[in-house]
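Note: the block below is run17.cif and it holds mmCIF, C-alpha atoms.
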data_my_file
#
loop_
_atom_site.label_atom_id
_atom_site.label_comp_id
_atom_site.auth_asym_id
_atom_site.auth_seq_id
_atom_site.Cartn_x
_atom_site.Cartn_y
_atom_site.Cartn_z
CA MET A 1 -15.38 23.29 -20.82
CA LYS A 2 -15.67 20.29 -23.14
CA LEU A 3 -12.51 19.42 -25.03
CA THR A 4 -12.92 17.81 -28.44
CA LYS A 5 -11.33 14.55 -29.46
CA ALA A 6 -10.62 15.82 -32.97
CA GLY A 7 -6.99 15.65 -33.93
CA VAL A 8 -5.92 13.83 -30.77
CA ARG A 9 -3.96 10.66 -31.43
CA LEU A 10 -3.71 7.89 -28.92
CA PRO A 11 -1.32 5.16 -29.86
CA PHE A 12 -0.66 3.18 -26.70
CA ILE A 13 2.49 1.11 -26.71
CA LEU A 14 3.99 0.00 -23.43
CA SER A 15 7.71 0.21 -23.95
CA ALA A 16 9.12 -0.90 -20.62
CA THR A 17 6.56 -2.20 -18.17
CA VAL A 18 7.73 -4.24 -15.21
CA PHE A 19 4.99 -6.84 -15.49
CA LEU A 20 5.27 -7.77 -19.14
CA THR A 21 8.15 -7.41 -21.52
CA GLY A 22 6.72 -6.28 -24.78
CA CYS A 23 3.74 -4.15 -25.73
CA LEU A 24 0.30 -4.30 -24.17
CA ALA A 25 -2.74 -2.59 -25.59
CA PRO A 26 -6.41 -2.72 -24.57
CA GLU A 27 -8.57 -4.81 -26.88
CA THR A 28 -11.62 -4.38 -24.65
CA ILE A 29 -11.99 -2.16 -21.62
CA ASN A 30 -14.83 -1.43 -19.24
CA ALA A 31 -13.85 0.95 -16.45
CA ASP A 32 -15.71 2.54 -13.56
CA ILE A 33 -13.87 5.27 -11.65
CA THR A 34 -15.23 7.40 -8.83
CA THR A 35 -13.74 10.34 -6.97
CA ASN A 36 -14.70 11.85 -3.65
CA GLY A 37 -12.30 14.61 -2.75
CA ASN A 38 -8.88 12.98 -3.03
CA ASP A 39 -10.32 9.50 -2.54
CA TYR A 40 -10.87 7.24 -5.54
CA THR A 41 -12.17 3.84 -6.52
CA LEU A 42 -11.16 2.11 -9.72
CA ARG A 43 -12.59 -1.06 -11.22
CA ILE A 44 -11.57 -2.17 -14.68
CA GLU A 45 -12.30 -5.34 -16.62
CA SER A 46 -10.19 -5.64 -19.74
CA THR A 47 -8.73 -7.91 -22.35
CA MET A 48 -5.17 -6.76 -22.94
CA ALA A 49 -3.18 -7.91 -25.95
CA ASP A 50 0.55 -8.23 -26.30
CA ALA A 51 0.88 -6.42 -29.60
CA ARG A 52 3.67 -8.58 -31.01
CA ALA A 53 2.11 -11.85 -29.87
CA ALA A 54 -1.31 -10.89 -31.25
CA MET A 55 0.30 -10.14 -34.61
CA ALA A 56 2.12 -13.46 -34.55
CA ALA A 57 -1.10 -15.31 -33.66
CA ALA A 58 -2.98 -13.63 -36.51
CA GLU A 59 -0.25 -14.78 -38.90
CA GLY A 60 -0.07 -18.30 -37.47
CA ARG A 61 3.41 -17.79 -36.00
CA LEU A 62 2.66 -18.01 -32.26
CA SER A 63 4.27 -21.13 -30.82
CA ALA A 64 3.31 -23.30 -27.87
CA GLN A 65 6.54 -22.11 -26.23
CA ASP A 66 5.39 -18.49 -26.62
CA ASP A 67 2.07 -19.38 -25.02
CA GLU A 68 3.74 -21.09 -22.09
CA GLY A 69 6.05 -18.12 -21.53
CA ALA A 70 3.05 -15.77 -21.45
CA ARG A 71 1.29 -17.99 -18.90
CA ARG A 72 4.35 -17.91 -16.66
CA MET A 73 4.57 -14.14 -16.87
CA ALA A 74 0.91 -13.80 -15.97
CA ALA A 75 1.37 -16.11 -12.98
CA ASN A 76 4.43 -14.18 -11.82
CA ASP A 77 2.61 -10.85 -11.88
CA ALA A 78 -0.83 -11.86 -10.64
CA ASP A 79 0.00 -10.25 -7.27
CA MET A 80 0.20 -6.72 -8.68
CA PRO A 81 -1.68 -4.20 -6.47
CA GLY A 82 -5.43 -4.42 -7.06
CA PHE A 83 -5.27 -7.40 -9.42
CA GLU A 84 -8.31 -9.64 -8.98
CA ARG A 85 -7.52 -11.63 -12.08
CA PHE A 86 -4.62 -11.70 -14.49
CA GLU A 87 -4.73 -14.72 -16.77
CA TYR A 88 -3.32 -15.56 -20.17
CA ILE A 89 -6.16 -16.75 -22.44
CA GLY A 90 -4.19 -17.46 -25.62
CA GLU A 91 -3.40 -15.74 -28.93
CA GLY A 92 -1.37 -13.09 -27.13
CA ARG A 93 -4.24 -11.95 -24.93
CA PHE A 94 -4.71 -11.59 -21.19
CA GLU A 95 -7.84 -11.13 -19.12
CA LEU A 96 -7.30 -8.54 -16.44
CA VAL A 97 -9.58 -7.37 -13.63
CA VAL A 98 -8.34 -4.58 -11.38
CA ASP A 99 -10.09 -3.27 -8.26
CA LEU A 100 -8.34 -0.43 -6.43
CA ALA A 101 -9.32 2.17 -3.85
CA GLY A 102 -7.27 4.75 -2.02
CA THR A 103 -6.42 8.38 -1.44
CA LEU A 104 -4.17 10.35 -3.78
CA ALA A 105 -1.45 12.21 -1.92
CA GLU A 106 -0.08 15.44 -3.35
CA GLY A 107 1.81 14.65 -6.55
CA GLU A 108 0.81 10.98 -6.46
CA SER A 109 -0.55 9.06 -9.42
CA ILE A 110 -1.77 5.54 -10.06
CA GLY A 111 -2.33 3.77 -13.33
CA PHE A 112 -3.74 0.87 -15.31
CA PRO A 113 -2.69 -1.75 -16.28
CA ASN A 114 0.64 -1.40 -14.48
CA THR A 115 -0.51 -0.60 -10.96
CA ARG A 116 3.04 -0.55 -9.59
CA THR A 117 4.18 2.46 -11.60
CA ASN A 118 2.74 5.75 -12.80
CA THR A 119 4.30 5.54 -16.26
CA ASP A 120 3.52 3.58 -19.42
CA ASN A 121 -0.15 3.19 -18.61
CA TYR A 122 -3.37 3.38 -20.60
CA LEU A 123 -5.27 5.10 -17.79
CA ARG A 124 -3.73 7.40 -15.21
CA LEU A 125 -5.15 9.13 -12.14
CA GLU A 126 -2.96 11.94 -10.83
CA ARG A 127 -3.20 14.61 -8.15
CA LEU A 128 -1.51 17.65 -9.66
CA GLU A 129 0.47 20.33 -7.87
CA ASP A 130 -2.49 22.72 -7.93
CA GLY A 131 -4.59 20.17 -6.05
CA THR A 132 -6.77 19.13 -8.98
CA ILE A 133 -7.15 15.51 -10.05
CA GLU A 134 -6.60 14.53 -13.67
CA ILE A 135 -7.81 11.24 -15.12
CA SER A 136 -6.51 10.62 -18.61
CA SER A 137 -5.17 8.29 -21.23
CA PRO A 138 -1.93 9.25 -23.00
CA GLU A 139 -1.71 11.71 -25.84
CA ILE A 140 0.92 10.45 -28.31
CA PRO A 141 2.16 12.03 -31.55
CA ALA A 142 0.18 11.19 -34.66
CA ASN A 143 3.13 9.56 -36.42
CA ASN A 144 2.83 6.57 -34.07
CA LEU A 145 -0.77 5.89 -35.02
CA ALA A 146 0.23 3.83 -38.04
CA GLN A 147 1.87 1.27 -35.76
CA LEU A 148 -1.40 0.62 -33.95
CA GLU A 149 -3.45 0.49 -37.12
CA GLN A 150 -1.39 -2.53 -38.17
CA LEU A 151 -2.60 -4.51 -35.15
CA PRO A 152 -5.28 -7.18 -35.74
CA PHE A 153 -7.70 -5.44 -33.34
CA THR A 154 -8.98 -2.05 -32.25
CA PRO A 155 -9.96 -1.07 -28.71
CA THR A 156 -13.61 -1.14 -27.69
CA GLY A 157 -15.38 -0.46 -24.44
CA THR A 158 -16.65 2.16 -22.04
CA VAL A 159 -14.96 4.32 -19.42
CA ARG A 160 -17.14 5.91 -16.74
CA VAL A 161 -15.94 8.56 -14.27
CA THR A 162 -18.30 9.62 -11.50
CA PRO A 163 -17.16 12.53 -9.33
CA ALA A 164 -18.83 13.07 -5.98
CA ALA A 165 -21.56 15.71 -5.93
CA ASN A 166 -19.23 18.22 -4.28
CA ASP A 167 -16.32 17.60 -6.70
CA ARG A 168 -16.27 20.17 -9.51
CA VAL A 169 -15.36 19.16 -13.07
CA LEU A 170 -13.17 21.81 -14.72
CA ASP A 171 -12.47 20.24 -18.16
CA HIS A 172 -13.44 17.04 -19.92
CA ASN A 173 -13.84 15.52 -23.37
CA ALA A 174 -16.44 12.88 -22.47
CA ASP A 175 -18.87 11.59 -25.07
CA ARG A 176 -21.67 11.96 -22.56
CA ALA A 177 -21.99 14.32 -19.63
CA PRO A 178 -24.08 13.49 -16.54
CA ALA A 179 -27.80 12.96 -17.07
CA MET A 180 -30.62 13.38 -14.58
CA LEU A 181 -30.21 10.04 -12.83
CA ASP A 182 -26.63 9.25 -13.82
CA ARG A 183 -23.79 11.50 -12.64
CA ALA A 184 -21.15 9.69 -14.70
CA TYR A 185 -19.05 11.17 -17.48
CA VAL A 186 -18.89 8.47 -20.16
CA TRP A 187 -16.40 7.75 -22.94
CA ASN A 188 -17.15 5.22 -25.67
CA VAL A 189 -13.83 3.76 -26.78
CA GLU A 190 -14.00 2.73 -30.42
CA ALA A 191 -10.63 3.68 -31.94
CA TRP A 192 -7.03 4.37 -31.00
CA GLU A 193 -7.70 8.10 -31.38
CA ASP A 194 -10.28 8.11 -28.58
CA ARG A 195 -8.62 9.84 -25.65
CA ILE A 196 -10.00 10.07 -22.12
CA PHE A 197 -9.50 13.34 -20.27
CA ILE A 198 -11.13 14.91 -17.24
CA ARG A 199 -9.86 17.36 -14.63
CA ILE A 200 -11.60 17.58 -11.28
CA GLU A 201 -11.37 20.09 -8.45
CA PRO A 202 -11.83 18.01 -5.28
CA ASN A 203 -14.59 19.22 -2.96
CA GLY A 204 -15.30 22.11 -5.30
CA GLY A 205 -12.06 23.85 -4.31
#
Rewritten as structure tokens:
Amino acid sequence: MKLTKAGVRLPFILSATVFLTGCLAPETINADITTNGNDYTLRIESTMADARAAMAAAEGRLSAQDDEGARRMAANDADMPGFERFEYIGEGRFELVVDLAGTLAEGESIGFPNTRTNTDNYLRLERLEDGTIEISSPEIPANNLAQLEQLPFTPTGTVRVTPAANDRVLDHNADRAPAMLDRAYVWNVEAWEDRIFIRIEPNGG
């Protein structure tokens, strides 16, 4: 079954992450995720923006002290699980590269960008109670969308999920389903409304 994106709103505001106080949102994201049974690999390259700092930079209000504080926070949290790179690049933005692999235990979930917690994340991989694996971005009420539309950027990028040949996809809302030589489900992220959702039955049940 292919779920439509119509009517789904995806404001993403991190309210209480442990690795950055404030709000982070993806300005660019390129993600490759694979599943093989309950095993997964996850590689994401992204530019993340602190929403308030990006607004301040666009209005010429971001100070050198603000920049220095952001650099310190990035340095303090560069050892997050799977972080290959976490660097402040100015104007409220951070370059982040995450490379993770593992096995999802029953009820376990992992997320991006905050790889230490399963909440307040843009992408989440979760093994549900029925044994299926869900990969998704958050679905948030439409009345929050206006907050994101005030930001001086919109998200862009591509998310690819490639299940193993013996993993069965139950539901998805991908922009592109697997082709002859490419088994990936592909989402083109172009707006805050663009939600990622796929549910997989490991090893075909």
Requested in this report: Please provide as a list in words all residues within 8 Å of Thr34 in chain A, with the sequence filter that same-chain residues fewer than 6 positions apart are discarded (counting all atoms listed in the file).
Outcome: Tyr40, Thr41, Leu42, Val161, Thr162, Pro163 and Ala164 of chain A
Requested in this report: Rounded to one decimal place, report the CA of Ala49 in chain A-CA of Pro81 in chain A distance in Å.
Outcome: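 Separating CA of Ala49 in chain A from CA of Pro81 in chain A is a distance of 19.9 Å.
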Report task. Apply the PyMOL selection byres ((chain A and resi 166-178) around 12) to the structure shown and report the selected residues as a ChimeraX atom specification. Result -> /A:1-6,8,34-40,132-137,158-165,179-190,194-205
On this file, the PyMOL selection byres ((chain A and resi 54) around 9) gives some set of residues; write that set as an mmCIF file with C-alpha atoms, in the frame of the given file.
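Now in selection35.cif:
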data_model
loop_
_atom_site.group_PDB
_atom_site.id
_atom_site.type_symbol
_atom_site.label_atom_id
_atom_site.label_comp_id
_atom_site.auth_asym_id
_atom_site.auth_seq_id
_atom_site.Cartn_x
_atom_site.Cartn_y
_atom_site.Cartn_z
ATOM 1 C CA ALA A 49 -3.180 -7.910 -25.950
ATOM 2 C CA ASP A 50 0.550 -8.230 -26.300
ATOM 3 C CA ALA A 51 0.880 -6.420 -29.600
ATOM 4 C CA ARG A 52 3.670 -8.580 -31.010
ATOM 5 C CA ALA A 53 2.110 -11.850 -29.870
ATOM 6 C CA MET A 55 0.300 -10.140 -34.610
ATOM 7 C CA ALA A 56 2.120 -13.460 -34.550
ATOM 8 C CA ALA A 57 -1.100 -15.310 -33.660
ATOM 9 C CA ALA A 58 -2.980 -13.630 -36.510
ATOM 10 C CA GLU A 59 -0.250 -14.780 -38.900
ATOM 11 C CA LEU A 62 2.660 -18.010 -32.260
ATOM 12 C CA GLU A 91 -3.400 -15.740 -28.930
ATOM 13 C CA GLY A 92 -1.370 -13.090 -27.130
ATOM 14 C CA ARG A 93 -4.240 -11.950 -24.930
ATOM 15 C CA LEU A 151 -2.600 -4.510 -35.150
ATOM 16 C CA PRO A 152 -5.280 -7.180 -35.740
ATOM 17 C CA PHE A 153 -7.700 -5.440 -33.340
#
Query raised in the report: Which residue, A:Leu24, A:Leu125, A:Ala70, A:Ile29, has the smallest gap to Gly107 in chain A when you use only C-alpha atoms?
Result: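 So, comparing all the options, the nearest one is A:Leu125.
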Report task. Name the residues captured by the PyMOL selection byres ((chain A and resi 73) around 12) when it is applied to the shown file; answer as a ChimeraX atom specification. Result -> /A:18-22,50,66-72,74-80,86-88,92,94
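As for CA of Glu27 in chain A and CA of Gly157 in chain A, they are spaced 8.4 Å apart.
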As AutoDock Vina command-line options, please: the centre and edge lengths in Å, to one decimal, of an axis-aligned box enclosing every listed atom of range 54-57 of chain A with 6 Å added on each side.
--center_x 0.4 --center_y -12.7 --center_z -32.9 --size_x 15.4 --size_y 17.2 --size_z 15.4
Query raised in the report: CA of Ile44 in chain A to CA of Leu96 in chain A: how many Å, to one decimal?
Result: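 For CA of Ile44 in chain A relative to CA of Leu96 in chain A, the distance reads 7.9 Å.
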Query raised in the report: Given the choices A:Met48, A:Ile33, A:Gly60, A:Gln147, which gets closest to Tyr122 in chain A if the distance is worked out from all atoms listed in the file?
Result: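 Among A:Met48, A:Ile33, A:Gly60, A:Gln147, it is A:Met48 that comes nearest to Tyr122 in chain A.
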Requested in this report: Tell me, as a ChimeraX atom specification, which residues lie within 6 Å of Ala191 in chain A, counting all atoms listed in the file; anything in the same chain fewer than 2 positions away does not count.
Outcome: /A:154-155,193-194
Query raised in the report: Looking at A:Arg61, A:Phe83, A:Glu95, A:Pro26, which one is nearest to Arg116 in chain A, with distances taken over all atoms listed in the file?
Result: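 Of all the options, A:Phe83 lies closest to Arg116 in chain A.
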Generate the coordinates of N, CA and C atoms for range 24-39 of chain A; report them as a CSV table (one decimal), in the coordinates of the input.
chain,number,residue,atom,x,y,z
A,24,LEU,N,1.7,-4.0,-24.5
A,24,LEU,CA,0.3,-4.3,-24.2
A,24,LEU,C,-0.6,-3.2,-24.6
A,25,ALA,N,-1.8,-3.6,-25.2
A,25,ALA,CA,-2.7,-2.6,-25.6
A,25,ALA,C,-4.1,-3.1,-25.2
A,26,PRO,N,-5.1,-2.3,-24.9
A,26,PRO,CA,-6.4,-2.7,-24.6
A,26,PRO,C,-7.2,-3.1,-25.8
A,27,GLU,N,-7.7,-4.4,-25.8
A,27,GLU,CA,-8.6,-4.8,-26.9
A,27,GLU,C,-10.0,-4.5,-26.5
A,28,THR,N,-10.3,-4.8,-25.2
A,28,THR,CA,-11.6,-4.4,-24.6
A,28,THR,C,-11.3,-3.8,-23.3
A,29,ILE,N,-12.1,-2.8,-22.9
A,29,ILE,CA,-12.0,-2.2,-21.6
A,29,ILE,C,-13.3,-1.6,-21.1
A,30,ASN,N,-13.7,-2.0,-19.9
A,30,ASN,CA,-14.8,-1.4,-19.2
A,30,ASN,C,-14.4,-1.0,-17.9
A,31,ALA,N,-14.4,0.4,-17.7
A,31,ALA,CA,-13.8,1.0,-16.4
A,31,ALA,C,-14.9,1.8,-15.7
A,32,ASP,N,-14.9,1.7,-14.4
A,32,ASP,CA,-15.7,2.5,-13.6
A,32,ASP,C,-14.8,3.2,-12.5
A,33,ILE,N,-14.7,4.5,-12.6
A,33,ILE,CA,-13.9,5.3,-11.6
A,33,ILE,C,-14.7,6.3,-10.9
A,34,THR,N,-14.5,6.4,-9.6
A,34,THR,CA,-15.2,7.4,-8.8
A,34,THR,C,-14.2,8.2,-8.1
A,35,THR,N,-14.6,9.5,-7.8
A,35,THR,CA,-13.7,10.3,-7.0
A,35,THR,C,-14.6,10.9,-5.9
A,36,ASN,N,-14.0,11.2,-4.8
A,36,ASN,CA,-14.7,11.8,-3.6
A,36,ASN,C,-13.6,12.6,-2.9
A,37,GLY,N,-13.5,13.9,-3.2
A,37,GLY,CA,-12.3,14.6,-2.8
A,37,GLY,C,-11.1,14.0,-3.4
A,38,ASN,N,-10.1,13.6,-2.5
A,38,ASN,CA,-8.9,13.0,-3.0
A,38,ASN,C,-9.0,11.5,-3.0
A,39,ASP,N,-10.1,10.9,-2.6
A,39,ASP,CA,-10.3,9.5,-2.5
A,39,ASP,C,-10.8,9.0,-3.9
